[in-house]
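So this one's final-v2.cif, mmCIF, C-alpha atoms:
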data_structure
#
loop_
_atom_site.label_atom_id
_atom_site.label_comp_id
_atom_site.auth_asym_id
_atom_site.auth_seq_id
_atom_site.Cartn_x
_atom_site.Cartn_y
_atom_site.Cartn_z
CA MET A 1 -118.11 29.05 -69.01
CA PRO A 2 -118.54 29.99 -65.32
CA PHE A 3 -121.88 31.42 -64.27
CA PHE A 4 -123.19 32.26 -60.82
CA GLU A 5 -126.96 32.09 -60.35
CA ARG A 6 -128.83 34.25 -57.85
CA GLY A 7 -132.56 33.81 -58.11
CA ASP A 8 -133.42 34.27 -61.77
CA ALA A 9 -130.19 36.14 -62.51
CA LYS A 10 -127.34 34.38 -64.28
CA ILE A 11 -124.03 36.22 -63.81
CA TYR A 12 -120.99 35.51 -65.97
CA TYR A 13 -117.59 35.84 -64.31
CA GLU A 14 -113.94 34.90 -64.72
CA VAL A 15 -111.27 34.34 -62.06
CA THR A 16 -107.55 34.62 -62.81
CA GLY A 17 -104.44 34.57 -60.65
CA GLU A 18 -103.75 33.82 -57.00
CA GLY A 19 -103.36 36.02 -53.95
CA PRO A 20 -105.51 38.67 -52.24
CA ALA A 21 -108.85 38.96 -54.01
CA VAL A 22 -109.79 41.93 -56.19
CA LEU A 23 -113.33 42.33 -57.53
CA LEU A 24 -113.21 44.32 -60.77
CA ILE A 25 -116.31 46.19 -61.89
CA ALA A 26 -116.01 47.31 -65.48
CA PRO A 27 -117.00 50.58 -67.16
CA GLY A 28 -119.77 50.79 -69.73
CA GLY A 29 -122.72 52.17 -67.76
CA MET A 30 -125.63 49.74 -67.81
CA ARG A 31 -123.58 47.67 -70.28
CA SER A 32 -120.82 47.11 -67.70
CA ALA A 33 -119.03 43.97 -68.87
CA MET A 34 -115.47 42.75 -68.44
CA SER A 35 -114.74 43.16 -72.17
CA PHE A 36 -114.78 46.95 -71.66
CA TRP A 37 -111.49 46.71 -69.76
CA GLU A 38 -109.82 46.17 -73.14
CA GLN A 39 -110.74 49.75 -74.11
CA THR A 40 -109.35 51.48 -70.99
CA PRO A 41 -105.92 53.09 -70.46
CA TRP A 42 -104.75 49.76 -69.09
CA ASN A 43 -106.37 46.40 -68.40
CA PRO A 44 -106.26 45.62 -64.65
CA ILE A 45 -107.09 41.97 -65.33
CA GLU A 46 -103.79 41.60 -67.15
CA GLN A 47 -101.93 43.83 -64.71
CA LEU A 48 -102.99 42.15 -61.48
CA SER A 49 -103.35 38.46 -62.31
CA GLY A 50 -99.71 37.70 -61.51
CA ARG A 51 -100.05 38.91 -57.92
CA PHE A 52 -103.75 38.90 -57.02
CA ARG A 53 -106.82 36.71 -57.40
CA VAL A 54 -108.79 38.80 -59.89
CA VAL A 55 -112.56 38.36 -60.13
CA ALA A 56 -114.10 40.04 -63.18
CA MET A 57 -117.80 39.95 -63.98
CA ASP A 58 -120.50 41.06 -66.38
CA GLN A 59 -123.25 42.93 -64.53
CA ARG A 60 -126.81 41.67 -64.96
CA ASN A 61 -128.17 42.23 -68.46
CA ALA A 62 -124.71 43.17 -69.72
CA GLY A 63 -122.23 41.05 -71.64
CA GLN A 64 -123.11 37.41 -71.06
CA SER A 65 -125.12 37.99 -67.85
CA THR A 66 -128.91 37.93 -67.83
CA ALA A 67 -131.68 38.68 -65.33
CA PRO A 68 -135.32 39.78 -65.25
CA VAL A 69 -136.05 43.50 -65.05
CA SER A 70 -138.26 44.84 -62.24
CA ALA A 71 -139.28 48.25 -60.93
CA ALA A 72 -138.02 47.08 -57.54
CA ASP A 73 -134.46 46.73 -58.86
CA GLY A 74 -131.77 49.33 -58.31
CA TRP A 75 -128.25 49.78 -57.06
CA HIS A 76 -128.93 47.40 -54.18
CA THR A 77 -129.77 44.63 -56.66
CA TYR A 78 -126.34 44.88 -58.29
CA THR A 79 -124.65 45.02 -54.89
CA ALA A 80 -126.41 41.78 -53.94
CA ASP A 81 -125.18 40.17 -57.17
CA GLN A 82 -121.62 41.26 -56.47
CA LEU A 83 -121.59 40.11 -52.86
CA GLY A 84 -123.37 36.91 -53.85
CA LEU A 85 -120.64 36.14 -56.36
CA MET A 86 -117.94 36.61 -53.74
CA ASP A 87 -119.88 34.35 -51.37
CA HIS A 88 -120.18 31.79 -54.16
CA LEU A 89 -116.40 31.86 -54.59
CA GLY A 90 -115.81 31.58 -50.85
CA ILE A 91 -114.12 34.98 -50.68
CA ASP A 92 -114.73 36.88 -47.45
CA LYS A 93 -112.48 39.95 -47.72
CA PHE A 94 -111.54 41.60 -50.99
CA HIS A 95 -110.50 44.79 -52.73
CA ALA A 96 -113.03 46.46 -55.02
CA ALA A 97 -111.95 48.38 -58.11
CA GLY A 98 -114.37 49.94 -60.56
CA MET A 99 -114.34 52.35 -63.47
CA CYS A 100 -117.20 54.65 -64.52
CA ILE A 101 -120.37 53.11 -63.05
CA GLY A 102 -118.01 50.90 -61.07
CA GLY A 103 -117.31 53.85 -58.75
CA PRO A 104 -120.80 53.92 -57.21
CA TYR A 105 -120.88 50.12 -57.25
CA CYS A 106 -117.70 50.04 -55.14
CA CYS A 107 -119.23 52.53 -52.73
CA GLY A 108 -122.35 50.39 -52.51
CA LEU A 109 -120.23 47.40 -51.56
CA ILE A 110 -118.57 49.37 -48.78
CA GLN A 111 -121.92 50.61 -47.55
CA ALA A 112 -123.41 47.10 -47.52
CA ALA A 113 -120.39 45.18 -46.23
CA PRO A 114 -117.77 47.55 -44.77
CA ASP A 115 -115.95 44.75 -42.95
CA ARG A 116 -115.40 42.82 -46.18
CA VAL A 117 -113.99 45.52 -48.47
CA LEU A 118 -110.27 46.02 -47.84
CA SER A 119 -109.99 49.01 -50.18
CA ALA A 120 -111.72 50.54 -53.15
CA THR A 121 -110.28 52.12 -56.30
CA LEU A 122 -112.54 54.47 -58.25
CA PHE A 123 -111.40 55.09 -61.82
CA GLN A 124 -113.19 58.25 -63.11
CA THR A 125 -116.39 57.62 -61.21
CA ILE A 126 -119.70 58.75 -62.60
CA GLY A 127 -121.54 61.42 -60.63
CA ARG A 128 -124.14 64.17 -60.79
CA ASP A 129 -123.11 67.54 -62.25
CA ASP A 130 -125.92 68.95 -64.42
CA ASN A 131 -125.76 65.78 -66.50
CA ARG A 132 -128.76 63.71 -65.43
CA GLN A 133 -130.32 63.69 -68.89
CA ALA A 134 -127.18 62.14 -70.33
CA PHE A 135 -127.59 59.22 -67.93
CA TYR A 136 -131.28 58.88 -68.72
CA ASP A 137 -130.43 58.81 -72.43
CA MET A 138 -127.72 56.19 -71.86
CA TYR A 139 -130.16 54.08 -69.87
CA ASP A 140 -132.86 54.38 -72.55
CA GLY A 141 -130.48 53.15 -75.24
CA TRP A 142 -129.57 50.13 -73.13
CA ALA A 143 -133.22 49.40 -72.32
CA ASP A 144 -134.43 49.76 -75.91
CA ALA A 145 -131.91 47.15 -77.03
CA LEU A 146 -133.19 44.68 -74.42
CA LYS A 147 -136.94 45.11 -74.39
CA GLU A 148 -137.69 42.57 -77.11
CA SER A 149 -135.96 39.82 -75.10
CA HIS A 150 -137.61 40.77 -71.79
CA GLY A 151 -141.27 39.94 -72.15
CA GLU A 152 -141.60 39.79 -68.37
CA ALA A 153 -140.93 43.53 -68.01
CA GLN A 154 -143.60 46.18 -68.49
CA GLU A 155 -142.91 49.85 -69.19
CA ALA A 156 -143.37 50.56 -65.49
CA ASP A 157 -140.52 48.15 -64.73
CA TRP A 158 -138.12 49.87 -67.12
CA ALA A 159 -139.16 53.29 -65.83
CA GLY A 160 -138.83 52.22 -62.20
CA LEU A 161 -135.33 50.83 -62.66
CA ARG A 162 -134.33 53.99 -64.57
CA GLU A 163 -135.42 56.22 -61.73
CA ASN A 164 -133.90 53.99 -59.06
CA MET A 165 -130.55 54.15 -60.82
CA TYR A 166 -130.36 57.77 -61.94
CA GLY A 167 -133.09 59.74 -60.15
CA GLY A 168 -132.82 61.29 -56.70
CA ASP A 169 -130.18 63.67 -55.43
CA LYS A 170 -127.30 61.47 -54.25
CA VAL A 171 -123.97 62.79 -55.47
CA LEU A 172 -122.79 59.49 -56.92
CA PHE A 173 -126.35 58.27 -57.64
CA ASN A 174 -125.80 55.38 -55.23
CA VAL A 175 -124.38 57.06 -52.10
CA ASP A 176 -124.65 60.50 -50.53
CA GLU A 177 -122.22 62.94 -48.95
CA ALA A 178 -122.87 61.60 -45.46
CA PHE A 179 -121.64 58.17 -46.58
CA LEU A 180 -118.47 59.67 -48.05
CA ARG A 181 -117.70 61.64 -44.88
CA GLY A 182 -118.05 58.51 -42.77
CA CYS A 183 -116.23 56.13 -45.12
CA GLU A 184 -113.11 54.84 -43.36
CA THR A 185 -112.22 52.34 -46.11
CA PRO A 186 -109.02 53.31 -47.95
CA LEU A 187 -109.91 54.83 -51.32
CA LEU A 188 -107.81 55.47 -54.40
CA VAL A 189 -109.49 57.93 -56.77
CA LEU A 190 -108.37 58.48 -60.36
CA LEU A 191 -109.72 61.77 -61.67
CA GLY A 192 -112.55 61.97 -64.22
CA ASN A 193 -112.87 64.77 -66.73
CA ASP A 194 -115.92 64.44 -68.99
CA LEU A 195 -119.72 64.51 -69.11
CA TYR A 196 -120.33 61.12 -67.53
CA HIS A 197 -117.30 61.22 -65.24
CA PRO A 198 -117.12 64.85 -64.09
CA GLU A 199 -113.99 66.08 -62.37
CA SER A 200 -116.19 67.49 -59.63
CA SER A 201 -117.35 64.02 -58.59
CA SER A 202 -113.84 62.63 -58.20
CA ARG A 203 -112.75 65.69 -56.27
CA LEU A 204 -115.79 65.50 -54.01
CA VAL A 205 -114.91 61.94 -53.03
CA ALA A 206 -111.31 62.96 -52.40
CA ASP A 207 -112.37 65.99 -50.35
CA LEU A 208 -114.99 64.23 -48.19
CA ALA A 209 -113.77 60.67 -47.63
CA PRO A 210 -111.12 60.80 -44.88
CA ASN A 211 -108.78 58.07 -46.18
CA THR A 212 -108.43 58.93 -49.86
CA THR A 213 -105.53 59.26 -52.30
CA LEU A 214 -106.21 61.21 -55.51
CA ILE A 215 -104.38 60.65 -58.80
CA GLU A 216 -105.01 63.45 -61.28
CA GLU A 217 -102.99 62.28 -64.31
CA TRP A 218 -103.20 58.60 -65.20
CA LYS A 219 -104.19 57.91 -68.80
CA GLU A 220 -101.08 58.35 -70.95
CA GLY A 221 -97.31 58.12 -71.06
CA SER A 222 -95.25 58.25 -67.89
CA ALA A 223 -98.29 59.37 -65.87
CA ARG A 224 -100.02 56.15 -66.89
CA ASP A 225 -97.02 54.05 -65.87
CA HIS A 226 -96.79 55.82 -62.52
CA ALA A 227 -100.52 55.43 -61.87
CA MET A 228 -100.36 51.72 -62.65
CA ALA A 229 -97.57 51.32 -60.11
CA GLN A 230 -99.49 53.37 -57.52
CA PHE A 231 -102.59 51.25 -58.05
CA GLU A 232 -100.77 47.98 -57.53
CA ALA A 233 -98.85 49.33 -54.52
CA PHE A 234 -102.11 50.63 -53.00
CA LEU A 235 -103.69 47.19 -53.24
CA ALA A 236 -100.63 45.52 -51.78
CA ALA A 237 -100.46 47.99 -48.88
CA HIS A 238 -104.02 47.22 -47.84
CA SER A 239 -104.02 43.46 -48.36
CA SER A 240 -103.18 42.50 -44.79
#

I'd like the structure from this file rewritten - as structure tokens, please.
Amino acid sequence: MPFFERGDAKIYYEVTGEGPAVLLIAPGGMRSAMSFWEQTPWNPIEQLSGRFRVVAMDQRNAGQSTAPVSAADGWHTYTADQLGLMDHLGIDKFHAAGMCIGGPYCCGLIQAAPDRVLSATLFQTIGRDDNRQAFYDMYDGWADALKESHGEAQEADWAGLRENMYGGDKVLFNVDEAFLRGCETPLLVLLGNDLYHPESSSRLVADLAPNTTLIEEWKEGSARDHAMAQFEAFLAAHSS
């Protein structure tokens, strides 16, 4: 099984297909792992592998990936893992596509390496809308399941990571409105509509980022088929 090691982190990944590279960041919150794509309206790994080089990964301490937990960790730690994996694979430029927590992760990649990210697709991104406690509760459930296997981490480490991820006032937890207004990277946004993925967050990205396409209906029937085609065409249009 392929693993990429960065410091004490051990990141599981899979690469399928050939062509322009697409880094897929799965839903699942802190449990973001490639297996969650099997529970989504469609699986982009299966969709894209015939035309693109698809890189899917389990985020640290999710799926088969492991890493220590520290109060110094936060969104930037995950961004470093993601960019490190692409470096490991020898991939300079790539598309980023993420669902749920993958939305802010994609934005973090653009913020850290704008010249490397060809485009970003945000499937029902998470965001702040009177829902912070729901994210704290989600984090606590993930942390409680891991604490027994992380003897290196003290309560202050778990609390610090929790606040770094879901505290503060940034609209997508990871990036602020100023970033969105200045983001020139082409974005495709698929609308969210629930507690963790509020419609307001998707619309805010679409309203503020100057090079954004918004898809409102995408989960079922003909709307799903049309959205799949738009997604693949969007990637193809921005691959050169």

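Compared by their closest atoms to Asp130 (chain A), and using all atoms listed in the file, the residues A:Asn61, A:Gln230, A:Gln47, A:Ser201 rank with A:Ser201 nearest.
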
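Taking CA of Asp157 (chain A) as the reference point, CA of Asp140 (chain A) is found at 12.6 Å.
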
Practice problem: Determine the residue set returned by the PyMOL selection byres ((chain A and resi 122) around 12) for the present structure, and present it as JSON, numbers by chain. | Solution: {"A": [24, 25, 26, 27, 95, 96, 97, 98, 99, 100, 101, 102, 103, 104, 105, 106, 107, 119, 120, 121, 123, 124, 125, 126, 127, 172, 186, 187, 188, 189, 190, 191, 192, 197, 201, 202, 203, 205, 206, 212, 213, 214, 215, 231]}

Quiz item: Of the candidates A:Gly168, A:Tyr196, A:Val54, A:Gly74, which shows the shortest atom-to-atom distance to Gly28 (chain A), using all atoms listed in the file?
Solution: A:Tyr196

Exercise. Can you turn the PyMOL selection byres ((chain A and resi 17) around 7) into a concrete residue list for this file, as a list in words?
Key: Val15, Thr16, Glu18, Gly19, Ser49, Gly50, Arg51, Phe52, Arg53 and Val54 of chain A

Quiz item: Could you spell out the hits of the PyMOL selection byres ((chain A and resi 160) around 9) on the shown file, as a PyMOL selection string?
Solution: chain A and resi 70-74+155-159+161-165

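Distances here use only C-alpha atoms; by that measure, the residue among A:Leu146, A:Met34, A:Ala67, A:Ile45 closest to Ala9 (chain A) is A:Ala67.
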
Quiz item: Contacts of Ala134 (chain A) at 9 Å or less, counting all atoms listed in the file, minus same-chain residues fewer than 3 places along, as number ranges by chain?
Solution: A: 131, 137-139, 195-196

Quiz item: How many Å separate CA of Lys10 (chain A) from CA of Asn174 (chain A)?
Solution: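 CA of Asn174 (chain A) lies 22.9 Å from CA of Lys10 (chain A).
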
Quiz item: Which distance in Å separates CA of Arg31 (chain A) and CA of Glu220 (chain A), to one decimal?
Solution: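 Straight-line distance from CA of Arg31 (chain A) to CA of Glu220 (chain A) works out to 24.9 Å.
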
Self-check item: From A:Ser222, A:Thr77, A:Asn211, A:Ser240, residue lying nearest Gly7 (chain A) [all atoms listed in the file]
Solution: A:Thr77

Self-check item: Among listed residues A:Asp115, A:His150, A:Asp129, A:Ala209, nearest Lys170 (chain A) (using only C-alpha atoms)
Solution: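 Among A:Asp115, A:His150, A:Asp129, A:Ala209, it is A:Asp129 that comes nearest to Lys170 (chain A).
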
Quiz item: From the set A:Val171, A:Ala62, A:Asp8, A:Trp42, which residue has the shortest atom-to-atom contact distance to Ala145 (chain A), counting only C-alpha atoms?
Solution: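 Closest to Ala145 (chain A), using only C-alpha atoms: A:Ala62.
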
Quiz item: Which residues, written as a PyMOL selection string, have at least one atom at most 9 Å from Ser239 (chain A), with all atoms listed in the file counted and residues fewer than 5 positions away on the same chain left out?
Solution: chain A and resi 20-21+94-95+118-119+234

For those residues, write C-alpha atoms to a file as a CSV table (one decimal), keeping the file's coordinate frame.
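File produced: part_22.csv:
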chain,number,residue,atom,x,y,z
A,20,PRO,CA,-105.5,38.7,-52.2
A,21,ALA,CA,-108.8,39.0,-54.0
A,94,PHE,CA,-111.5,41.6,-51.0
A,95,HIS,CA,-110.5,44.8,-52.7
A,118,LEU,CA,-110.3,46.0,-47.8
A,119,SER,CA,-110.0,49.0,-50.2
A,234,PHE,CA,-102.1,50.6,-53.0
